[in-house]
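Engineer: Sharing run18.txt, compact mmCIF, C-alpha atoms:
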# COMPACT_ATOMS: atom_id res chain seq x y z
CA MET A 1 -36.20 -15.19 28.59
CA GLU A 2 -33.85 -17.90 27.54
CA GLU A 3 -34.50 -17.27 23.84
CA SER A 4 -33.68 -13.62 24.23
CA TYR A 5 -30.40 -14.46 25.93
CA VAL A 6 -29.32 -16.78 23.08
CA GLU A 7 -30.13 -14.23 20.40
CA GLU A 8 -28.07 -11.55 22.10
CA ASN A 9 -25.04 -13.82 22.30
CA ASN A 10 -25.34 -14.82 18.63
CA VAL A 11 -25.26 -11.24 17.35
CA LYS A 12 -21.98 -10.66 15.47
CA ARG A 13 -19.81 -7.99 16.97
CA LYS A 14 -18.84 -5.23 14.53
CA ASP A 15 -15.22 -4.17 14.48
CA HIS A 16 -14.50 -0.62 15.43
CA PRO A 17 -13.98 1.57 12.29
CA PHE A 18 -10.41 2.32 13.41
CA TRP A 19 -9.46 -1.39 13.32
CA GLU A 20 -11.10 -1.85 9.91
CA LEU A 21 -9.18 1.13 8.58
CA LEU A 22 -5.92 -0.18 10.07
CA GLN A 23 -6.47 -3.63 8.50
CA PHE A 24 -7.15 -2.02 5.12
CA ALA A 25 -4.03 0.17 5.40
CA ILE A 26 -1.82 -2.82 6.25
CA ILE A 27 -3.15 -4.88 3.35
CA ALA A 28 -2.74 -1.93 0.97
CA LEU A 29 0.86 -1.41 2.12
CA LEU A 30 1.66 -5.10 1.66
CA ILE A 31 0.43 -4.89 -1.93
CA VAL A 32 1.44 -1.37 -3.01
CA VAL A 33 4.94 -1.03 -1.51
CA PRO A 34 6.48 -4.06 -3.26
CA ILE A 35 4.86 -3.10 -6.58
CA ARG A 36 6.09 0.50 -6.22
CA ALA A 37 9.59 -0.60 -5.20
CA PHE A 38 10.21 -3.43 -7.67
CA VAL A 39 7.67 -3.42 -10.51
CA ALA A 40 6.40 0.04 -11.52
CA GLN A 41 6.53 3.64 -10.41
CA PRO A 42 5.05 6.94 -11.59
CA PHE A 43 7.08 9.54 -13.45
CA ILE A 44 6.14 13.05 -14.61
CA VAL A 45 7.89 14.38 -17.71
CA SER A 46 9.57 17.71 -17.14
CA GLY A 47 10.98 19.71 -20.03
CA SER A 48 10.85 19.55 -23.82
CA SER A 49 13.75 17.22 -24.70
CA MET A 50 11.38 14.44 -25.83
CA TYR A 51 8.92 16.69 -27.70
CA PRO A 52 6.75 15.86 -29.67
CA THR A 53 6.68 12.29 -28.32
CA PHE A 54 6.27 13.51 -24.73
CA GLU A 55 5.34 16.93 -23.48
CA ASP A 56 6.00 18.67 -20.20
CA GLY A 57 3.58 17.30 -17.57
CA ASN A 58 2.89 13.91 -19.21
CA TYR A 59 2.27 11.34 -16.47
CA LEU A 60 3.86 7.93 -17.05
CA ILE A 61 4.05 4.58 -15.31
CA VAL A 62 7.55 3.11 -15.62
CA ASP A 63 8.02 -0.65 -16.05
CA GLU A 64 10.93 -1.56 -13.75
CA ILE A 65 10.78 -5.34 -14.12
CA SER A 66 11.12 -6.14 -17.86
CA TYR A 67 14.82 -5.33 -18.06
CA ARG A 68 15.51 -7.98 -15.45
CA PHE A 69 14.46 -10.57 -18.05
CA GLU A 70 15.33 -8.91 -21.36
CA LYS A 71 17.86 -6.41 -22.64
CA PRO A 72 16.94 -2.82 -23.39
CA ALA A 73 16.26 -2.42 -27.11
CA ARG A 74 16.96 0.32 -29.62
CA GLY A 75 13.96 2.62 -29.76
CA ASP A 76 12.83 2.03 -26.17
CA VAL A 77 12.00 5.19 -24.26
CA ILE A 78 13.64 4.78 -20.87
CA ILE A 79 13.90 6.48 -17.51
CA PHE A 80 17.36 6.45 -15.95
CA ARG A 81 19.49 8.10 -13.32
CA PHE A 82 21.43 11.06 -14.71
CA PRO A 83 25.13 10.03 -14.77
CA LYS A 84 26.32 13.41 -13.43
CA ASP A 85 23.80 13.52 -10.53
CA ARG A 86 22.20 10.19 -9.65
CA LYS A 87 19.44 11.86 -7.65
CA LYS A 88 17.94 13.16 -10.91
CA PHE A 89 15.91 11.06 -13.34
CA PHE A 90 15.89 11.66 -17.11
CA ILE A 91 13.80 10.29 -19.98
CA LYS A 92 15.43 9.58 -23.37
CA ARG A 93 15.34 7.12 -26.26
CA ILE A 94 17.90 4.32 -26.72
CA ILE A 95 19.80 4.91 -29.96
CA GLY A 96 23.04 2.94 -29.53
CA LEU A 97 23.45 -0.50 -27.95
CA PRO A 98 26.43 -2.05 -26.11
CA GLY A 99 29.43 -2.73 -28.33
CA GLU A 100 28.24 -0.57 -31.24
CA SER A 101 29.88 2.39 -32.95
CA LEU A 102 27.85 5.43 -33.98
CA GLU A 103 28.63 8.21 -36.39
CA ILE A 104 26.38 11.25 -36.10
CA LYS A 105 26.31 13.75 -38.97
CA ASN A 106 23.60 16.38 -38.54
CA SER A 107 20.35 14.42 -38.14
CA SER A 108 21.73 11.22 -39.69
CA ILE A 109 22.98 8.43 -37.43
CA THR A 110 24.98 5.54 -38.87
CA ILE A 111 25.34 2.48 -36.64
CA VAL A 112 28.01 -0.19 -37.03
CA ASN A 113 27.64 -3.49 -35.18
CA LYS A 114 28.55 -7.17 -35.63
CA ASP A 115 25.42 -7.81 -37.75
CA ASN A 116 26.05 -4.71 -39.90
CA PRO A 117 29.84 -4.24 -40.25
CA GLY A 118 29.27 -1.79 -43.12
CA GLY A 119 26.81 0.15 -40.99
CA PHE A 120 23.23 1.22 -41.50
CA ILE A 121 21.48 4.57 -41.26
CA LEU A 122 18.92 4.75 -38.49
CA ASN A 123 15.41 5.58 -39.70
CA GLU A 124 13.79 7.85 -37.10
CA PRO A 125 10.30 8.93 -38.23
CA TYR A 126 9.53 10.42 -34.78
CA ILE A 127 12.16 13.19 -35.23
CA LYS A 128 10.56 16.47 -36.28
CA ASN A 129 13.54 18.85 -36.24
CA VAL A 130 17.09 18.96 -37.55
CA SER A 131 20.16 18.99 -35.33
CA TYR A 132 23.70 19.88 -36.28
CA ASN A 133 26.16 17.45 -34.76
CA TYR A 134 29.32 15.74 -35.91
CA GLU A 135 30.74 13.03 -33.72
CA SER A 136 31.78 9.40 -33.52
CA VAL A 137 31.03 7.25 -30.50
CA LYS A 138 32.14 3.77 -29.44
CA LEU A 139 30.07 2.02 -26.78
CA ASN A 140 31.51 -0.43 -24.25
CA GLN A 141 29.69 -3.69 -23.47
CA ASP A 142 27.59 -2.17 -20.65
CA GLU A 143 26.82 1.23 -22.22
CA TYR A 144 23.93 2.78 -24.13
CA PHE A 145 23.77 5.93 -26.23
CA LEU A 146 20.63 7.94 -25.46
CA MET A 147 19.09 10.89 -27.26
CA GLY A 148 16.00 13.05 -26.82
CA ASP A 149 13.54 13.21 -29.68
CA ASN A 150 13.74 17.01 -29.72
CA ARG A 151 17.35 16.86 -30.93
CA GLY A 152 17.98 20.60 -31.04
CA ALA A 153 16.85 21.09 -27.42
CA SER A 154 17.99 17.87 -25.74
CA SER A 155 20.78 17.41 -23.26
CA ASP A 156 21.66 13.75 -23.85
CA SER A 157 24.56 11.36 -24.50
CA ARG A 158 25.99 13.87 -26.98
CA SER A 159 26.55 16.22 -24.02
CA TRP A 160 27.31 13.99 -21.03
CA GLY A 161 28.34 10.66 -22.53
CA ASN A 162 27.16 7.08 -22.62
CA VAL A 163 24.90 5.62 -19.92
CA LYS A 164 25.77 2.41 -18.09
CA LYS A 165 23.11 -0.31 -17.78
CA ASN A 166 23.02 -0.07 -13.98
CA LEU A 167 21.63 3.49 -14.24
CA ILE A 168 18.56 2.41 -16.22
CA ILE A 169 15.40 2.35 -14.06
CA GLY A 170 12.96 1.05 -16.67
CA ARG A 171 10.99 1.86 -19.79
CA ALA A 172 7.93 4.01 -20.29
CA PHE A 173 5.07 1.52 -20.01
CA ILE A 174 1.84 3.51 -19.75
CA ARG A 175 1.01 7.15 -20.42
CA LEU A 176 -1.88 8.16 -18.13
CA LEU A 177 -1.97 11.91 -18.78
CA PRO A 178 -3.05 13.72 -20.83
CA LEU A 179 -6.23 11.63 -21.03
CA ASN A 180 -6.47 11.93 -24.82
CA GLU A 181 -3.05 10.24 -25.16
CA ILE A 182 -3.46 7.29 -22.76
CA GLY A 183 -1.64 4.26 -24.11
CA LEU A 184 0.76 1.34 -23.61
CA ARG A 185 4.45 1.63 -24.50
CA PRO A 186 4.14 5.32 -25.39
CA GLY A 187 6.79 6.51 -27.79
CA GLY A 188 8.19 3.00 -28.25
CA TYR A 189 9.50 2.31 -31.72
CA GLU A 190 10.85 -0.94 -33.15
CA PHE A 191 13.69 -0.44 -35.60
CA VAL A 192 14.25 -2.61 -38.64
CA GLU A 193 17.96 -3.01 -39.32
Can the structure in the file be given as structure tokens, please?
Structural biologist:
Amino acid sequence: MEESYVEENNVKRKDHPFWELLQFAIIALLIVVPIRAFVAQPFIVSGSSMYPTFEDGNYLIVDEISYRFEKPARGDVIIFRFPKDRKKFFIKRIIGLPGESLEIKNSSITIVNKDNPGGFILNEPYIKNVSYNYESVKLNQDEYFLMGDNRGASSDSRSWGNVKKNLIIGRAFIRLLPLNEIGLRPGGYEFVE
């Protein structure tokens, strides 16, 4: 009888499924919430302003941490709070950087900055349509000029002005949907000045 008694006391007690589920939920929250709040978040493209680079319904993961360590660059596709209604989020491409001057004539953009006082014409191979605009823009030290890739159908900095750095959420980091277009830094383009 003594052996039987010892074996029964050495049997490991299984946790109740509720407690296991609660432990899992707590661990998941401790990992997911900080990542979602400070590192990356999902974003679904709505509209055609970035066509053909992004289409309505594309599912993106937005990198929210990089711009804490580096400055946004020309060509980055970013997600930001709409200046006229900060509850809305928009996706556009960075065209003009802080301190620069831009002259837009139709689909041609000339940028003047300290490295190019005579200006240079921006090469944008991702643009597939022509737009008809004439304007000059001067950016302050904390402002960016943003445009959609579908220039004829994009509400962007040409309509509502420059965007301050504090409104930028992050850059498009991963495209998850559609499955045939999965990739890192979707739509990103590095300009040669």
Engineer: Which of these, A:Ile94, A:Ile182, A:Leu22, A:Ile127, has the shortest distance to Tyr144 (chain A) once you count all atoms listed in the file?
Structural biologist: A:Ile94
Engineer: Between A:Gly47, A:Gly148, A:Gly57, A:Gly96, which is the closest to Ile121 (chain A) once you count all atoms listed in the file?
Structural biologist: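 Answer, going by the shortest atom-to-atom distance: A:Gly96.
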Engineer: Give the answer as one residue: which of A:Ser46, A:Thr53, A:Ser159, A:Asn113 has the shortest atom-to-atom distance to Arg185 (chain A), using only C-alpha atoms?
Structural biologist: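 Closest to Arg185 (chain A) of all the choices is A:Thr53.
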Engineer: Between A:Ile78, A:Val163, A:Ala73, A:Leu122, which is the closest to Glu103 (chain A) once you count all atoms listed in the file?
Structural biologist: A:Leu122
Engineer: Just checking: using only C-alpha atoms, which residue out of A:Phe24, A:Tyr189, A:Pro83, A:Ile95 ends up closest to Pro125 (chain A)?
Structural biologist: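 Checking each candidate against Pro125 (chain A), we get A:Tyr189 as the closest.
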Engineer: Rank A:Pro178, A:Gly99, A:Pro72, A:Gly161 by their smallest atom-to-atom distance to Ile44 (chain A), using all atoms listed in the file, and report the top residue only.
Structural biologist: A:Pro178
Engineer: Do you know which residues are at most 9 Å from Pro186 (chain A) counting all atoms listed in the file, after dropping those on the same chain fewer than 5 positions away, and could you put them as a count of residues only?
Structural biologist: 9
